[in-house]
Structures are given as C-alpha cells and as structure tokens.
Amino acid sequence: MASFKRLSLILMTTAASAALSACNGADNVASPGAGSVVIVTPTPSPSPSPTPTPTAPITAAQFAAVTTQAGLSITADEQLAVVNAGTNNNVSGTNVLNGIYPLTASSATTAADPSALNAFFTSTNYVGALNGPTDTSFQEWTCNSSTAQFGGASLACTAVPAVGTGGSAAACPTGTIDDGLVQTFRACRIPAAVTTDLTLPKIAGVFYRLRGQTEIGTDLGATGGAGVTLTIAAGVVIAADSTEPTNDLLLVNRGSKIQAVGTRSAPIIFTSQQNLANNGVSDSTQGQWGGIILLGRSTTAVCAAGTGGSSGTPCQQAIEGVTGRFYGGTNEADSSGQMSYVQIRYSGIAISDGNELQGLTLGATGSGTVLDHIQSHNSADDGIEIFGGTTNIKYIAVTGADDDGFDVDNGWRGFIQFMIAAQKVSGATADSFSTEIDSNGAEDLIPRTWGRYANFTFIETANAPAAIRLRGGADFTFVNGIVKTPANVACVNMIAGETSAADRSTIRPANAALQDQGPPVFNSVYFSCQGR
C-alpha cells in the first residue's frame with residue numbers, strides 16, 4: 001500500500017509541473033525538471049552508549065581481615081585507614097593482570113620513586129614487578145608453570161634441565177665423588193662435608209648430586225675467621241639424591257660462602273633427581289628435597305639461651321630444619337657469598353609444625369651477601385624465609401609455594417625490589433600468605449623487623465585470611481605494588497599483640513627508642529581484592 005501511494009504522489013506532481021510550465025513559458029525562472037523530487041532523509045539520533053556499572057567501593061570488612069591476638073585486634077576500619085593514609089593507593093581496584101603481566105603498558109596507579117627510600121632501589125615509574133605486558137626482565141632465567149608463565153625463552157619447570165650429553169665419557173672434577181650414570185648423565189656427588197674450597201665447573205653430561213645434609217665449611221661462630229667457598233659455574237645442574245631417604249639439603253655455615261653465579265641464558269638449577277627424567281615431575285610436584293640454607297653473622301633479635309643481652313656472647317639462634325646449626329653475630333656487612341640467576345625447584349620439607357625447610361632459608365646473612373635473579377618453584381613450605389640479618393634482594397620470583405611466598409621475621413632489616421609471589425593455581429594451604437611479616441610475638445625485641453618492598457606483584461590464590469600479613473610490631477613500607485586476591489580473601493591483615501589496647505605495636509606511633517617507625521606505610525599500591 002505504501003508503494004502505491006508514493007507512485008500516485010509522483011504522477012500528480014508531474015502533471016502539475018507540466019501545467020505550470022505551459023502557463024508561464026520556457027524562459028521563466030528555472031524549476032526542477034519534470035518528475036524530479038528532492039527527498040531529505042532524516043539522520044537518526046545515535047543510540048546512547050550504555051553507561052558501565054561502576055564497581056562499588058570496597059568496604060573495610062572486605063579489604064582487611066581482623067585477627068585477635070592476646071585479646072587485642074586492629075579493626076578493619078583502622079587497617080583501611082592506615083592504607084588510605086598513604087599516597088596514590090587504589091583500594092577498590094579490579095583485575096589489571098593477565099597472569100603475572102599487566103594488561104597494558106600504563107601503570108595501574110601513579111608510581112612513586114623507590115630510590116627516594118634508599119640508593120639500593122632502582123628508580124621506576126610503574127607499579128608491580130613488571131613494566132607492562134612486554135617486560136622481559138623475568139624471562140629466560142626462570143621456568144614456566146601453570147602458576148606463572150614468564151614467556152620468552154623460559155622453559156617449563158617440569159622440563160629436564162640442560163645437563164647435556166656425553167655423561168658416559170665425562171670425568172668428575174676433583175673434590176667430588178663419581179656415583180656413576182643416572183639415565184645418561186654422570187652423577188658427581190658433593191661430599192657431605194666440604195672443608196676446602198670446591199669448584200663445580202659446567203661439564204657436558206654431568207650433574208652434581210646432593211646426598212643428605214651437605215655442609216659447606218663448619219660453623220666458625222659469631223666472630224670466627226674465614227671458612228671455605230663453594231663456587232658453582234653458570235649452567236650447572238645440582239640434583240638431590242632420590243635413592244635414599246635422608247633429607248637432602250645444602251647448608252653454608254657461618255664464615256663460609258657460596259658463589260653460585262649463573263647467567264640469564266644459563267641459570268644454575270637446584271632441583272630433585274626426579275626432574276632429570278622425562279615426565280619425572282609434574283606441575284604439582286613439591287617437597288622432594290630440603291632446599292638451600294645460608295647462615296651468617298649479621299644481627300638477629302631472637303637469641304638462644306645464654307646468648308645476647310648481658311651474656312657477653314653475641315645473640316645467635318639455631319636455624320629451623322636441622323639440628324645444632326646457628327646463625328647470628330654483630331657484623332651487619334657480613335657476606336655469605338652470592339647467588340645470581342638461580343632456580344630452586346621442588347624443595348621444602350615440613351619436619352614438624354614450625355620446623356621446616358624452605359626453598360631458600362637465610363639466617364642472619366649480612367648486607368655483603370648478594371642475592372638477585374632467584375626463583376623458588378613449588379616449595380612445600382615457604383618460597384623464602386629470612387630469619388634476621390641485613391641482606392637485600394632484587395629480582396626474585398616465588399612460584400607455587402605451598403606456604404608463604406616471602407616470610408621475614410626475627411629482626412630482618414632490609415630491602416627487596418622486583419618481587420613476584422604467585423601461588424599455585426589450585427591453591428596452597430589455608431594459612432599461606434604472599435608475604436608474612438613477623439617478629440614472632442616478641443613485639444619489642446631489638447633489632448625490630450623492618451623492611452621496604454618495592455615493585456612487587458602478589459597473586460594470592462590460597463584461602464588464607466589475606467595476601468599481606470603484618471604483625472609482631474614489624475615496621476614496613478610498601479611502594480609500587482599490585483596485590484590480587486580471590487573471592488572471600490582480603491588484601492591486608494594487620495595484627496598487634498601487646499599488653500594493652502593503648503599499645504598495639506604494629507600501628508602505634510613512632511618511638512625511636514624502640515626502633516619503631518609507627519604504622520606501616522603504603523604508597524602507590526593497587527589492590528584488587530575479593531576477586532574484583
């Protein structure tokens with residue numbers, strides 16, 4: 001019907017135009033030609049863009065977990081207020097990560113300059129451990145798993161390390177013990193007691209074997225002389241012996257050193273012997289050996305009986321996981337050597353509750369100890385635990401730890417920059433934090449636990465109270481971080497356990513006499529809590 005009406009209108013218009021032309025003559029003012037009709041099509045109004053539903057601001061109860069200790073607690077509102085007292089923090093963020101990498105090159109929130117805290121820190125203009133989705137700083141020297149895909153030339157953590165071929169004809173270097181062939185590799189065992197300097201060169205087809213508690217040097221005490229040095233070449237593979245039941249571990253005693261310096265393309269790999277066979281380990285493998293322990297002569301706050309205070313003997317303490325091996329002294333610049341470009345795979349053993357072997361354990365190591373570019377993968381306990389000391393660390397990744405990523409206590413005082421804690425995708429134990437910062441309930445022992453974290457990415461998957469636990473009166477500043485937690489998990493858990501509600505050490509005002517800086521400080525930290 002609409003087409004018929006339109007045709008009638010055109011015919012009527014044509015007839016009228018012809019009649020008008022006949023009356024006025026051809027030389028009059030021009031008019032549209034016969035049958036021409038100008039039709040103006042109206043421009044439709046654009047559909048309004050849908051307004052995105054804004055994410056509701058996080059509540060204090062969602063942001064912070066409350067724990068009561070000694071009858072005291074720090075409320076969720078108080079914890080949120082501590083964080084909001086800093087600058088450029090976003091407590092109501094949503095996910096900005098693709099795995100461990102930022103989704104975009106833009107910083108998730110305005111960054112601070114960590115070098116203003118101390119010259120140890122590199123100046124950065126982004127938050128998190130990685131500068132956008134194309135940052136390669138953690139690639140190649142790390143290994144990939146479902147927990148964290150570093151990309152680039154990083155190989156799978158389950159892959160057999162590059163031992164090389166030719167093991168049947170290879171000879172073990174002086175100072176090691178020939179244990180014959182394992183698969184096609186020559187096993188050269190490190191003696192249980194290394195009492196003279198020992199060098200482990202890279203030899204194609206050779207791996208070095210740890211059997212039982214392998215010690216570098218003997219304990220020379222808090223003030224003794226120089227011990228021995230274990231030197232490990234780039235690309236060397238050291239594997240724990242799977243043929244016998246003792247806890248295999250490497251321990252460097254006070255006064256001795258480790259010089260394990262790999263390269264980006266040839267990291268030194270500490271792993272389990274099972275990892276030397278194809279399909280010998282899986283993505284969930286953990287706890288197959290005891291890890292690495294470095295013991296030093298720097299300061300510690302928790303002292304064994306008869307040491308510290310007015311005893312006349314420097315404060316020292318027995319390290320976890322082994323019997324009768326001590327750490328501690330008075331030399332804050334002490335050196336236990338260097339570990340650079342190192343992987344520690346499938347370690348960690350819980351001997352008893354509170355007595356565990358980690359991936360890497362530091363006992364009062366000093367600022368002369370150089371630690372950088374280290375990955376602890378699938379530890380059955382903490383990725384790294386630091387008991388006292390003054391060692392600083394750069395570029396460290398803890399992937400797949402079954403307990404805490406970074407556990408620091410007993411008066412550690414130091415700096416860490418470029419740090420990643422990414423727990424298992426399947427979730428770790430129910431009391432596992434990306435970082436647990438503590439003074440072991442001894443709120444006012446000196447030295448007070450004190451640290452600075454800069455450029456960190458914490459990806460919490462465990463159903464723990466929070467990603468960051470801070471307690472025991474420890475003093476911390478957090479700069480340029482990204483914190484991500486799953487549903488039902490808070491971002492922060494601050495705890496104080498002093499003797500009165502007026503003296504909650506973790507958040508009380510500064511007190512120089514007690515080395516107390518006051519409440520923790522958060523600047524330029526982006527929080528994506530509760531699966532937001």
# chains A, B, ... in the order shown; residues from 1 in each chain; ligands from 1
$ residues_around --residues "Ala266 of chain A" --least-positions-apart "2" --cutoff "10 Å" --atoms "only C-alpha atoms" --output "PyMOL selection string"
chain A and resi 140-141+162+233-236+261-264+268-269+341-342
$ select_by_dssp --residues "segment 182-395 of chain A" --states "strand (DSSP E or B)" --output "mmCIF file with C-alpha atoms, in the first residue's frame"
data_model
loop_
_atom_site.group_PDB
_atom_site.id
_atom_site.type_symbol
_atom_site.label_atom_id
_atom_site.label_comp_id
_atom_site.auth_asym_id
_atom_site.auth_seq_id
_atom_site.Cartn_x
_atom_site.Cartn_y
_atom_site.Cartn_z
ATOM 1 C CA VAL A 182 71.857 -41.780 36.188
ATOM 2 C CA PHE A 185 74.079 -38.375 32.976
ATOM 3 C CA ARG A 186 77.227 -38.680 35.070
ATOM 4 C CA ALA A 187 76.427 -38.115 38.774
ATOM 5 C CA CYS A 188 79.253 -36.350 40.609
ATOM 6 C CA ARG A 189 78.402 -36.226 44.304
ATOM 7 C CA ALA A 193 81.330 -32.093 54.477
ATOM 8 C CA VAL A 194 83.131 -29.634 52.207
ATOM 9 C CA LEU A 198 85.452 -26.558 45.919
ATOM 10 C CA THR A 199 84.605 -25.548 42.347
ATOM 11 C CA LEU A 200 81.862 -27.202 40.294
ATOM 12 C CA VAL A 206 77.440 -34.072 34.310
ATOM 13 C CA PHE A 207 75.143 -33.131 37.162
ATOM 14 C CA TYR A 208 76.197 -32.694 40.775
ATOM 15 C CA ARG A 209 74.396 -34.727 43.411
ATOM 16 C CA LEU A 210 73.405 -33.777 46.961
ATOM 17 C CA GLN A 213 72.798 -32.784 54.779
ATOM 18 C CA THR A 214 75.611 -31.342 52.680
ATOM 19 C CA GLU A 215 77.553 -28.614 54.523
ATOM 20 C CA ILE A 216 79.967 -26.009 53.254
ATOM 21 C CA THR A 229 83.917 -21.288 49.412
ATOM 22 C CA LEU A 230 81.756 -23.389 47.111
ATOM 23 C CA THR A 231 81.927 -21.978 43.561
ATOM 24 C CA ILE A 232 79.321 -23.089 41.008
ATOM 25 C CA VAL A 237 72.628 -28.552 37.499
ATOM 26 C CA ILE A 238 72.614 -29.816 41.097
ATOM 27 C CA ALA A 239 70.078 -32.508 41.977
ATOM 28 C CA ALA A 240 69.105 -34.073 45.291
ATOM 29 C CA LEU A 249 69.894 -30.070 51.509
ATOM 30 C CA LEU A 250 72.760 -27.646 51.024
ATOM 31 C CA LEU A 251 73.855 -25.639 54.081
ATOM 32 C CA VAL A 252 76.506 -22.894 54.109
ATOM 33 C CA LYS A 257 80.446 -18.738 51.249
ATOM 34 C CA ILE A 258 78.628 -19.859 48.143
ATOM 35 C CA GLN A 259 79.463 -18.294 44.767
ATOM 36 C CA ALA A 260 76.642 -19.515 42.532
ATOM 37 C CA VAL A 261 76.607 -17.051 39.657
ATOM 38 C CA ILE A 268 72.181 -22.550 37.828
ATOM 39 C CA ILE A 269 69.438 -25.059 38.652
ATOM 40 C CA PHE A 270 68.975 -26.799 42.003
ATOM 41 C CA THR A 271 66.327 -29.477 41.702
ATOM 42 C CA SER A 272 65.316 -33.032 42.568
ATOM 43 C CA TRP A 289 64.398 -32.196 48.924
ATOM 44 C CA ILE A 292 69.330 -24.194 50.496
ATOM 45 C CA ILE A 293 70.294 -22.661 53.861
ATOM 46 C CA LEU A 294 72.706 -19.740 54.186
ATOM 47 C CA LEU A 295 73.885 -18.867 57.713
ATOM 48 C CA GLN A 317 69.878 -18.797 67.283
ATOM 49 C CA ALA A 318 69.520 -22.309 65.901
ATOM 50 C CA PHE A 326 73.443 -21.496 64.373
ATOM 51 C CA TYR A 327 73.156 -18.081 62.810
ATOM 52 C CA GLY A 337 78.658 -15.051 49.079
ATOM 53 C CA GLN A 338 76.487 -14.543 46.003
ATOM 54 C CA MET A 339 73.586 -16.278 44.289
ATOM 55 C CA SER A 340 72.543 -14.819 40.931
ATOM 56 C CA TYR A 341 70.450 -16.345 38.136
ATOM 57 C CA VAL A 342 69.482 -19.400 40.160
ATOM 58 C CA GLN A 343 66.424 -21.673 40.143
ATOM 59 C CA ILE A 344 65.439 -23.768 43.169
ATOM 60 C CA ARG A 345 62.829 -26.349 42.135
ATOM 61 C CA SER A 347 62.062 -28.229 47.562
ATOM 62 C CA ILE A 349 60.082 -30.210 53.818
ATOM 63 C CA ALA A 350 57.943 -29.755 56.930
ATOM 64 C CA ILE A 351 59.807 -31.716 59.586
ATOM 65 C CA SER A 352 57.321 -30.685 62.266
ATOM 66 C CA ASN A 355 60.228 -26.563 61.938
ATOM 67 C CA GLU A 356 60.507 -26.540 58.160
ATOM 68 C CA LEU A 357 62.938 -26.453 55.290
ATOM 69 C CA LEU A 360 65.802 -20.684 50.345
ATOM 70 C CA THR A 361 66.445 -20.018 54.033
ATOM 71 C CA LEU A 362 68.552 -17.087 55.240
ATOM 72 C CA GLY A 363 69.772 -16.967 58.821
ATOM 73 C CA VAL A 370 74.433 -10.636 47.058
ATOM 74 C CA LEU A 371 71.124 -12.207 46.058
ATOM 75 C CA ASP A 372 69.411 -11.422 42.762
ATOM 76 C CA HIS A 373 67.548 -13.177 39.931
ATOM 77 C CA ILE A 374 66.406 -16.125 42.029
ATOM 78 C CA GLN A 375 63.325 -18.294 41.521
ATOM 79 C CA SER A 376 61.932 -20.667 44.145
ATOM 80 C CA HIS A 377 59.438 -23.002 42.475
ATOM 81 C CA ILE A 384 61.975 -17.916 51.000
ATOM 82 C CA GLU A 385 62.195 -17.369 54.744
ATOM 83 C CA ILE A 386 64.505 -14.784 56.256
ATOM 84 C CA PHE A 387 65.474 -15.036 59.933
ATOM 85 C CA ILE A 393 67.407 -8.819 47.305
ATOM 86 C CA LYS A 394 66.487 -7.861 43.743
ATOM 87 C CA TYR A 395 64.543 -9.822 41.128
#
$ closest_atom_pairs --of "segment 81-177 of chain A" --to "segment 396-406 of chain A" --cutoff "10 Å" --atoms "only C-alpha atoms" --output "CSV"
residue,atom,partner,partner_atom,distance
A:Ala129,CA,A:Ile396,CA,9.5
A:Phe138,CA,A:Ala397,CA,8.3
A:Thr142,CA,A:Ala397,CA,8.2
A:Cys143,CA,A:Thr399,CA,9.4
A:Asn144,CA,A:Thr399,CA,9.1
A:Ser145,CA,A:Thr399,CA,8.3
A:Ser146,CA,A:Gly400,CA,8.8
A:Thr147,CA,A:Gly400,CA,5.9
A:Ala148,CA,A:Thr399,CA,6.6
A:Gln149,CA,A:Thr399,CA,9.9
$ closest_atom_pairs --of "segment 397-452 of chain A" --to "segment 473-487 of chain A" --cutoff "7 Å" --atoms "only C-alpha atoms" --output "JSON lines"
{"residue": "A:Ile437", "atom": "CA", "partner": "A:Ala474", "partner_atom": "CA", "distance": 6.8}
{"residue": "A:Asp438", "atom": "CA", "partner": "A:Ala474", "partner_atom": "CA", "distance": 5.9}
{"residue": "A:Ser439", "atom": "CA", "partner": "A:Ala474", "partner_atom": "CA", "distance": 6.2}
{"residue": "A:Glu443", "atom": "CA", "partner": "A:Gly473", "partner_atom": "CA", "distance": 5.1}
{"residue": "A:Arg448", "atom": "CA", "partner": "A:Ala474", "partner_atom": "CA", "distance": 6.4}
{"residue": "A:Thr449", "atom": "CA", "partner": "A:Ala474", "partner_atom": "CA", "distance": 4.8}
{"residue": "A:Trp450", "atom": "CA", "partner": "A:Asp475", "partner_atom": "CA", "distance": 4.6}
{"residue": "A:Gly451", "atom": "CA", "partner": "A:Phe476", "partner_atom": "CA", "distance": 5.0}
{"residue": "A:Arg452", "atom": "CA", "partner": "A:Thr477", "partner_atom": "CA", "distance": 4.9}
$ write_last_selection --atoms "N, CA and C atoms" --output "PDB file, in the first residue's frame"
ATOM      1  N   ILE A 437      54.985 -11.137  57.531  1.00  0.00           N
ATOM      2  CA  ILE A 437      55.997 -10.273  58.141  1.00  0.00           C
ATOM      3  C   ILE A 437      55.771 -10.307  59.641  1.00  0.00           C
ATOM      4  N   ASP A 438      56.816 -10.622  60.396  1.00  0.00           N
ATOM      5  CA  ASP A 438      56.583 -11.015  61.787  1.00  0.00           C
ATOM      6  C   ASP A 438      57.775 -10.656  62.665  1.00  0.00           C
ATOM      7  N   SER A 439      57.519 -10.664  63.967  1.00  0.00           N
ATOM      8  CA  SER A 439      58.586 -10.646  64.963  1.00  0.00           C
ATOM      9  C   SER A 439      58.368 -11.768  65.970  1.00  0.00           C
ATOM     10  N   GLU A 443      57.219  -8.451  70.524  1.00  0.00           N
ATOM     11  CA  GLU A 443      56.906  -7.178  69.876  1.00  0.00           C
ATOM     12  C   GLU A 443      58.031  -6.141  69.940  1.00  0.00           C
ATOM     13  N   ARG A 448      64.327  -4.550  65.585  1.00  0.00           N
ATOM     14  CA  ARG A 448      62.943  -4.750  65.160  1.00  0.00           C
ATOM     15  C   ARG A 448      62.911  -5.137  63.679  1.00  0.00           C
ATOM     16  N   THR A 449      62.039  -6.075  63.341  1.00  0.00           N
ATOM     17  CA  THR A 449      61.859  -6.400  61.924  1.00  0.00           C
ATOM     18  C   THR A 449      61.424  -5.144  61.175  1.00  0.00           C
ATOM     19  N   TRP A 450      62.163  -4.832  60.121  1.00  0.00           N
ATOM     20  CA  TRP A 450      61.986  -3.559  59.406  1.00  0.00           C
ATOM     21  C   TRP A 450      62.348  -3.772  57.945  1.00  0.00           C
ATOM     22  N   GLY A 451      61.446  -3.445  57.033  1.00  0.00           N
ATOM     23  CA  GLY A 451      61.765  -3.693  55.634  1.00  0.00           C
ATOM     24  C   GLY A 451      61.066  -2.746  54.696  1.00  0.00           C
ATOM     25  N   ARG A 452      61.534  -2.751  53.460  1.00  0.00           N
ATOM     26  CA  ARG A 452      60.957  -1.968  52.384  1.00  0.00           C
ATOM     27  C   ARG A 452      60.788  -2.878  51.172  1.00  0.00           C
TER      28      ARG A 452
END
$ closest_residue --among "A:Gly329, A:Pro465, A:Pro161, A:Pro133" --to "Gly99 of chain A" --atoms "only C-alpha atoms"
A:Pro133
$ closest_residue --among "A:Val489, A:Ala513, A:Leu80, A:Ile100" --to "Ile459 of chain A" --atoms "only C-alpha atoms"
A:Ile100
$ atom_distance --atom1 "atom CA of Gln79 of chain A" --atom2 "atom CA of Ala502 of chain A"
15.9 Å
$ residues_around --residues "Gln139 of chain A" --least-positions-apart "2" --cutoff "6 Å" --atoms "only C-alpha atoms" --output "ChimeraX atom specification"
/A:136-137,141-142,150,152,154
$ write_last_selection --atoms "C-alpha atoms" --output "PDB file, in the first residue's frame"
ATOM      1  CA  THR A 136      61.344  -9.340  29.617  1.00  0.00           C
ATOM      2  CA  SER A 137      63.250  -8.884  32.886  1.00  0.00           C
ATOM      3  CA  TRP A 141      66.420 -17.372  33.723  1.00  0.00           C
ATOM      4  CA  THR A 142      63.082 -18.509  35.201  1.00  0.00           C
ATOM      5  CA  PHE A 150      57.075 -15.803  32.200  1.00  0.00           C
ATOM      6  CA  GLY A 152      60.096 -15.684  26.167  1.00  0.00           C
ATOM      7  CA  SER A 154      61.850 -19.537  29.775  1.00  0.00           C
TER       8      SER A 154
END
